[in-house]
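Heads up: the structure comes next, in structure tokens.
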Amino acid sequence: MAIANKLTTIMPAFGAPTEYITLLAQNLPINATTTFALTGFVNFIRSGRVRFKSTATGGAGSQITGIKITATDGTSTVTLYQDGTARTANEFEDFLWSFISELNLTTVNVAVTTANAGGAATLDLEVTGNP
């Protein structure tokens, strides 16, 4: 299921969001690490939330084994989240991470590692942010 309730519905907890970027229906191949860049902000951001939602699981053999979220101001990079947790195969995921940074962030990268022999999964990504 694609995103119906947007991240902007809960973002006011950090203040009214000034930036909102999505990547929808992104292919997530098996046995690979794929990085998705959320970029194109009108202004830089320093705080916000990242949402990761799988929209198709890829079948019984498809499994997410790691997620790393980084952000950059074009010069320096900061890790906002990282894990190497193997999730249950063929299971939908819907994660939400809050962040705050001292950097003037212009790009948020989400790297996802998958394993096993199932089909390719798909996911939607959102980021909202404030300066």
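Following the order of the structure tokens, chains are lettered A, B, ..., residues in each are numbered from 1, and ligands are numbered from 1.
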Practice prompt. Tell me, as JSON, numbers by chain, which residues lie within 6 Å of segment 117-127 of chain A, counting only C-alpha atoms; anything in the same chain fewer than 4 positions away does not count.
Written response: {"A": [20, 21, 22, 23, 24, 25, 26, 27, 28, 29, 30, 49, 50, 51, 52, 53, 54, 55, 56, 57, 58, 59, 61, 62]}
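Across A:Lys68, A:Asn43, A:Thr128, A:Gly84, the tightest approach to Ser98 of chain A is made by A:Thr128 when counting only C-alpha atoms.
Non-sequential neighbours of Asn31 of chain A (distance at most 8 Å, separation of 3 or more positions within a chain, only C-alpha atoms) are A:Thr113, A:Thr114, A:Ala115, A:Asn116, A:Ala117.
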Same residues, C-alpha atoms, output as a PDB file, in the first residue's frame:
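New file out-v7.pdb:
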```pdb
ATOM      1  CA  THR A 113      20.669  -3.738   2.218  1.00  0.00           C
ATOM      2  CA  THR A 114      18.681  -6.809   1.217  1.00  0.00           C
ATOM      3  CA  ALA A 115      19.387 -10.531   1.138  1.00  0.00           C
ATOM      4  CA  ASN A 116      18.037 -13.897   0.064  1.00  0.00           C
ATOM      5  CA  ALA A 117      16.407 -15.116  -3.111  1.00  0.00           C
TER       6      ALA A 117
END
```
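With only C-alpha atoms as the basis for measurement, A:Leu96 is the residue among A:Leu103, A:Leu96, A:Val42, A:Ala32 that approaches Ile69 of chain A most closely.
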Item to complete: Pick out the residues sitting within 8 Å of Val112 of chain A, and hand them over as a PyMOL selection string; count only C-alpha atoms, and ignore anything fewer than 5 positions along from it in its own chain.
Response: chain A and resi 28+33-35+64-68
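Going from atom CA of Gly129 of chain A over to atom CA of Ala86 of chain A, you cover 28.5 Å.
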Worksheet item: Could you write out, as number ranges by chain, all the residues of segment 49-129 of chain A that DSSP marks as strand (DSSP E or B)?
Response: A: 49-56, 63-72, 77-83, 94-105, 107-115, 121-129
Worksheet item: Can you tell me, as a PyMOL selection string, what residues are no more than 9 Å from Arg46 of chain A when counting only C-alpha atoms, ignoring any on the same chain fewer than 4 positions away?
Response: chain A and resi 99-105+129-131
How would the residues just chosen look if you wrote them out with N, CA, C and O atoms as a JSON list (two decimals), in the first residue's frame?
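Saved file part.json follows:
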```
[["chain", "number", "residue", "atom", "x", "y", "z"],
["A", 99, "PHE", "N", 15.23, 13.44, 13.46],
["A", 99, "PHE", "CA", 16.64, 13.82, 13.50],
["A", 99, "PHE", "C", 16.78, 15.31, 13.76],
["A", 99, "PHE", "O", 15.86, 16.09, 13.54],
["A", 100, "ILE", "N", 17.95, 15.67, 14.25],
["A", 100, "ILE", "CA", 18.34, 17.06, 14.41],
["A", 100, "ILE", "C", 19.85, 17.11, 14.15],
["A", 100, "ILE", "O", 20.57, 16.19, 14.51],
["A", 101, "SER", "N", 20.30, 18.15, 13.48],
["A", 101, "SER", "CA", 21.71, 18.25, 13.10],
["A", 101, "SER", "C", 22.19, 19.69, 13.20],
["A", 101, "SER", "O", 21.40, 20.63, 13.08],
["A", 102, "GLU", "N", 23.47, 19.84, 13.38],
["A", 102, "GLU", "CA", 24.09, 21.16, 13.37],
["A", 102, "GLU", "C", 24.41, 21.62, 11.94],
["A", 102, "GLU", "O", 24.68, 22.79, 11.71],
["A", 103, "LEU", "N", 24.38, 20.67, 10.99],
["A", 103, "LEU", "CA", 24.71, 20.98, 9.60],
["A", 103, "LEU", "C", 23.52, 21.55, 8.86],
["A", 103, "LEU", "O", 22.37, 21.29, 9.21],
["A", 104, "ASN", "N", 23.77, 22.31, 7.82],
["A", 104, "ASN", "CA", 22.73, 22.81, 6.92],
["A", 104, "ASN", "C", 22.53, 21.76, 5.83],
["A", 104, "ASN", "O", 23.12, 21.84, 4.76],
["A", 105, "LEU", "N", 21.68, 20.78, 6.10],
["A", 105, "LEU", "CA", 21.55, 19.60, 5.25],
["A", 105, "LEU", "C", 20.84, 19.91, 3.94],
["A", 105, "LEU", "O", 19.81, 20.58, 3.92],
["A", 129, "GLY", "N", 11.32, 18.55, 6.76],
["A", 129, "GLY", "CA", 12.38, 19.20, 7.49],
["A", 129, "GLY", "C", 12.15, 20.68, 7.70],
["A", 129, "GLY", "O", 11.34, 21.31, 7.00],
["A", 130, "ASN", "N", 12.87, 21.20, 8.67],
["A", 130, "ASN", "CA", 12.84, 22.61, 9.01],
["A", 130, "ASN", "C", 14.28, 23.15, 9.02],
["A", 130, "ASN", "O", 15.20, 22.41, 9.29],
["A", 131, "PRO", "N", 14.41, 24.44, 8.74],
["A", 131, "PRO", "CA", 15.75, 25.04, 8.82],
["A", 131, "PRO", "C", 16.23, 25.18, 10.25],
["A", 131, "PRO", "O", 15.49, 25.09, 11.18]]
```
Worksheet item: Quick one: distance from atom CA of Phe44 of chain A to atom CA of Thr18 of chain A in Å, one decimal?
Response: 9.7 Å
Check segment 8-109 of chain A with DSSP on the backbone and list each residue it calls helix (DSSP H, G or I), as a CSV table (one decimal) with N, CA and C atoms, in the first residue's frame.
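Generated file (states32.csv):
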```
chain,number,residue,atom,x,y,z
A,8,THR,N,3.7,14.8,6.7
A,8,THR,CA,3.4,16.2,7.1
A,8,THR,C,2.2,16.3,8.1
A,9,THR,N,1.4,15.2,8.3
A,9,THR,CA,0.3,15.3,9.2
A,9,THR,C,0.8,15.2,10.7
A,11,MET,N,4.3,16.2,11.4
A,11,MET,CA,5.5,17.0,11.5
A,11,MET,C,5.3,18.3,12.3
A,12,PRO,N,4.2,18.9,12.5
A,12,PRO,CA,4.1,20.1,13.3
A,12,PRO,C,4.7,20.0,14.7
A,13,ALA,N,5.0,18.8,15.2
A,13,ALA,CA,5.6,18.6,16.5
A,13,ALA,C,7.0,19.3,16.5
A,14,PHE,N,7.6,19.4,15.4
A,14,PHE,CA,8.9,20.1,15.3
A,14,PHE,C,8.7,21.6,14.8
```
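Residue nearest Gln63 of chain A, chosen from A:Phe36, A:Arg87, A:Trp97, A:Glu19 and counting only C-alpha atoms: A:Arg87.
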